[in-house]
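Student: For reference, the structure I am asking about is given below.
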Amino acid sequence: MAKRSAPEVNAGSMADIAFLLLIFFLVTTTMEKDSGISRKLPPMEESEEDVVIRQRNIFTVLLNRNDQLMVEDEVMELKDLRDAAVEFLDNGGGENANGEKCDYCKGKRDTNSSDHPDKAIISLKNDRETSYKAYISVQNELVGAYNVLRNRRALEIGPQKGFRDMNFAEMQKNLKDVNWPGNKKKLEEVIDQIKKEYPQKLSEVQ
């Protein structure tokens with residue numbers, strides 16, 4: 001009796017199936033994106049001279065390994081950080097580098113706090129074991145302090161430039177909107193002015 005030979009597997013069909021499965025997974029699989037903090041670095045200054053920064057112009061924020069917050073050597077709750085930063089940035093207790101007082105500041109004019117928004121620096125230092133969640137939360141509050149002041153300033157000077165009832169965030173959104181019908185050149189000038197009046201000087205100390 002003759003032996004029946006085993007049927008051969010079509011290797012070509014297997015390769016086609018494997019290729020189709022690969023294409024399927026490439027199309028359907030979603031890749032997670034790393035989230036981070038958007039930050040635009042300031043341009044490099046031409047002067048190489050050492051700049052003396054007075055301690056009253058530095059707002060010190062420390063975040064320890066237990067995610068506890070200490071601001072200006074005092075323990076502080078996260079919910080109070082934004083208001084404290086606004087008070088420091090908007091103090092206006094002195095003059096800027098050109099000897100000009102801050103006529104748009106609405107702070108206490110405390111001589112023991114920052115001289116001018118142009119000189120005010122927020123210094124953030126965190127422990128290597130600080131949780132990422134706490135770090136991001138602190139960053140959000142500090143950046144939020146700048147946004148509070150910039151939004152207020154936009155509502156103050158916007159009407160004079162033809163941009164009524166438009167805060168700083170809305171100005172930036174409209175500038176990027178290709179369908180916005182307003183004067184973008186003029187709007188950009190207002191945005192640059194506000195950034196200059198309340199520059200974001202957030203320093204991270206390692």
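Naming works like this for the structure tokens: A, B, ... for the chains as they're shown, residue 1 at the start of each chain, ligands 1 onward in shown order.
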Taking only region 12-177 of chain A into account, list the residues labelled strand (DSSP E) by DSSP (computed from the backbone), as a PyMOL selection string.
Tutor: chain A and resi 58-63+69-71+74-75+121-126
Student: Give me a file of those residues, with N, CA and C atoms, as a compact mmCIF listing (two decimals), in the first residue's frame.
Tutor:
```txt
# COMPACT_ATOMS: atom_id res chain seq x y z
N ILE A 58 14.42 88.02 44.16
CA ILE A 58 14.35 86.57 43.93
C ILE A 58 13.26 85.97 44.82
N PHE A 59 12.34 85.30 44.20
CA PHE A 59 11.23 84.62 44.89
C PHE A 59 11.58 83.13 44.93
N THR A 60 11.99 82.65 46.09
CA THR A 60 12.51 81.29 46.22
C THR A 60 11.40 80.28 46.52
N VAL A 61 11.32 79.27 45.68
CA VAL A 61 10.34 78.20 45.84
C VAL A 61 11.07 76.87 45.93
N LEU A 62 10.88 76.14 47.03
CA LEU A 62 11.53 74.85 47.23
C LEU A 62 10.48 73.75 47.32
N LEU A 63 10.74 72.63 46.67
CA LEU A 63 9.84 71.48 46.71
C LEU A 63 10.66 70.27 47.12
N LEU A 69 5.95 72.08 50.07
CA LEU A 69 6.33 73.34 49.45
C LEU A 69 6.80 74.35 50.49
N MET A 70 7.94 74.98 50.20
CA MET A 70 8.44 76.04 51.06
C MET A 70 8.73 77.26 50.19
N VAL A 71 8.10 78.38 50.52
CA VAL A 71 8.25 79.61 49.74
C VAL A 71 8.80 80.71 50.63
N GLU A 74 9.22 79.76 54.18
CA GLU A 74 8.01 79.46 54.96
C GLU A 74 7.20 78.38 54.25
N VAL A 75 6.64 77.46 55.04
CA VAL A 75 5.81 76.40 54.47
C VAL A 75 4.54 77.02 53.87
N ILE A 121 12.61 87.66 39.66
CA ILE A 121 12.95 86.31 39.23
C ILE A 121 12.35 85.29 40.19
N ILE A 122 11.69 84.29 39.64
CA ILE A 122 11.18 83.19 40.45
C ILE A 122 12.16 82.03 40.34
N SER A 123 12.69 81.61 41.48
CA SER A 123 13.68 80.53 41.51
C SER A 123 13.03 79.27 42.08
N LEU A 124 12.96 78.23 41.26
CA LEU A 124 12.34 76.97 41.67
C LEU A 124 13.40 75.89 41.81
N LYS A 125 13.41 75.26 42.97
CA LYS A 125 14.34 74.15 43.21
C LYS A 125 13.56 72.97 43.77
N ASN A 126 13.75 71.81 43.16
CA ASN A 126 13.07 70.62 43.64
C ASN A 126 14.07 69.50 43.91
```
Student: Applying 8 Å and only C-alpha atoms, which residues near Leu175 (chain A) remain after dropping the ones on its own chain fewer than 4 positions away? List them as a list in words.
Tutor: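 Contacts, in chain order: Met171, Trp180, Lys184, Leu187 and Glu188 of chain A.
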Student: Print the selection's residues with C-alpha atoms to a file, as a short mmCIF file (atom, residue, chain, number, x, y, z; two decimals), in the first residue's frame.
Tutor:
```cif
data_model
loop_
_atom_site.label_atom_id
_atom_site.label_comp_id
_atom_site.auth_asym_id
_atom_site.auth_seq_id
_atom_site.Cartn_x
_atom_site.Cartn_y
_atom_site.Cartn_z
CA MET A 171 -4.77 87.55 21.99
CA TRP A 180 -9.15 85.78 12.59
CA LYS A 184 -2.42 90.73 13.38
CA LEU A 187 -2.02 92.55 17.84
CA GLU A 188 1.50 91.11 17.82
#
```
Student: I'd like the contact shell of Asp127 (chain A) - 10 Å cut-off, only C-alpha atoms, skipping same-chain residues fewer than 6 positions apart - returned as a ChimeraX atom specification.
Tutor: /A:62-67,135,206
Student: Limited to C-alpha atoms, could you put the picked residues into a file as a short mmCIF file (atom, residue, chain, number, x, y, z; two decimals), in the first residue's frame?
Tutor:
```cif
data_model
loop_
_atom_site.label_atom_id
_atom_site.label_comp_id
_atom_site.auth_asym_id
_atom_site.auth_seq_id
_atom_site.Cartn_x
_atom_site.Cartn_y
_atom_site.Cartn_z
CA LEU A 62 11.53 74.85 47.23
CA LEU A 63 9.84 71.48 46.71
CA ASN A 64 11.24 68.66 48.83
CA ARG A 65 11.22 64.88 48.40
CA ASN A 66 7.91 64.64 50.29
CA ASP A 67 6.28 67.11 47.86
CA TYR A 135 6.55 69.33 40.13
CA GLN A 206 19.50 72.03 40.14
#
```
Student: Identify all residues of region 9-179 of chain A in helix (DSSP H, G or I) (DSSP on the backbone) and supply them as a PyMOL selection string.
Tutor: chain A and resi 11-28+55-57+78-89+132-157+159-161+168-176
Student: Write out as a VMD selection string which residues come within 12 Å of Gly99 (chain A) when counting only C-alpha atoms, dropping same-chain ones fewer than 2 positions away.
Tutor: chain A and resid 94 to 97 101 to 102 115 to 116 118 to 119
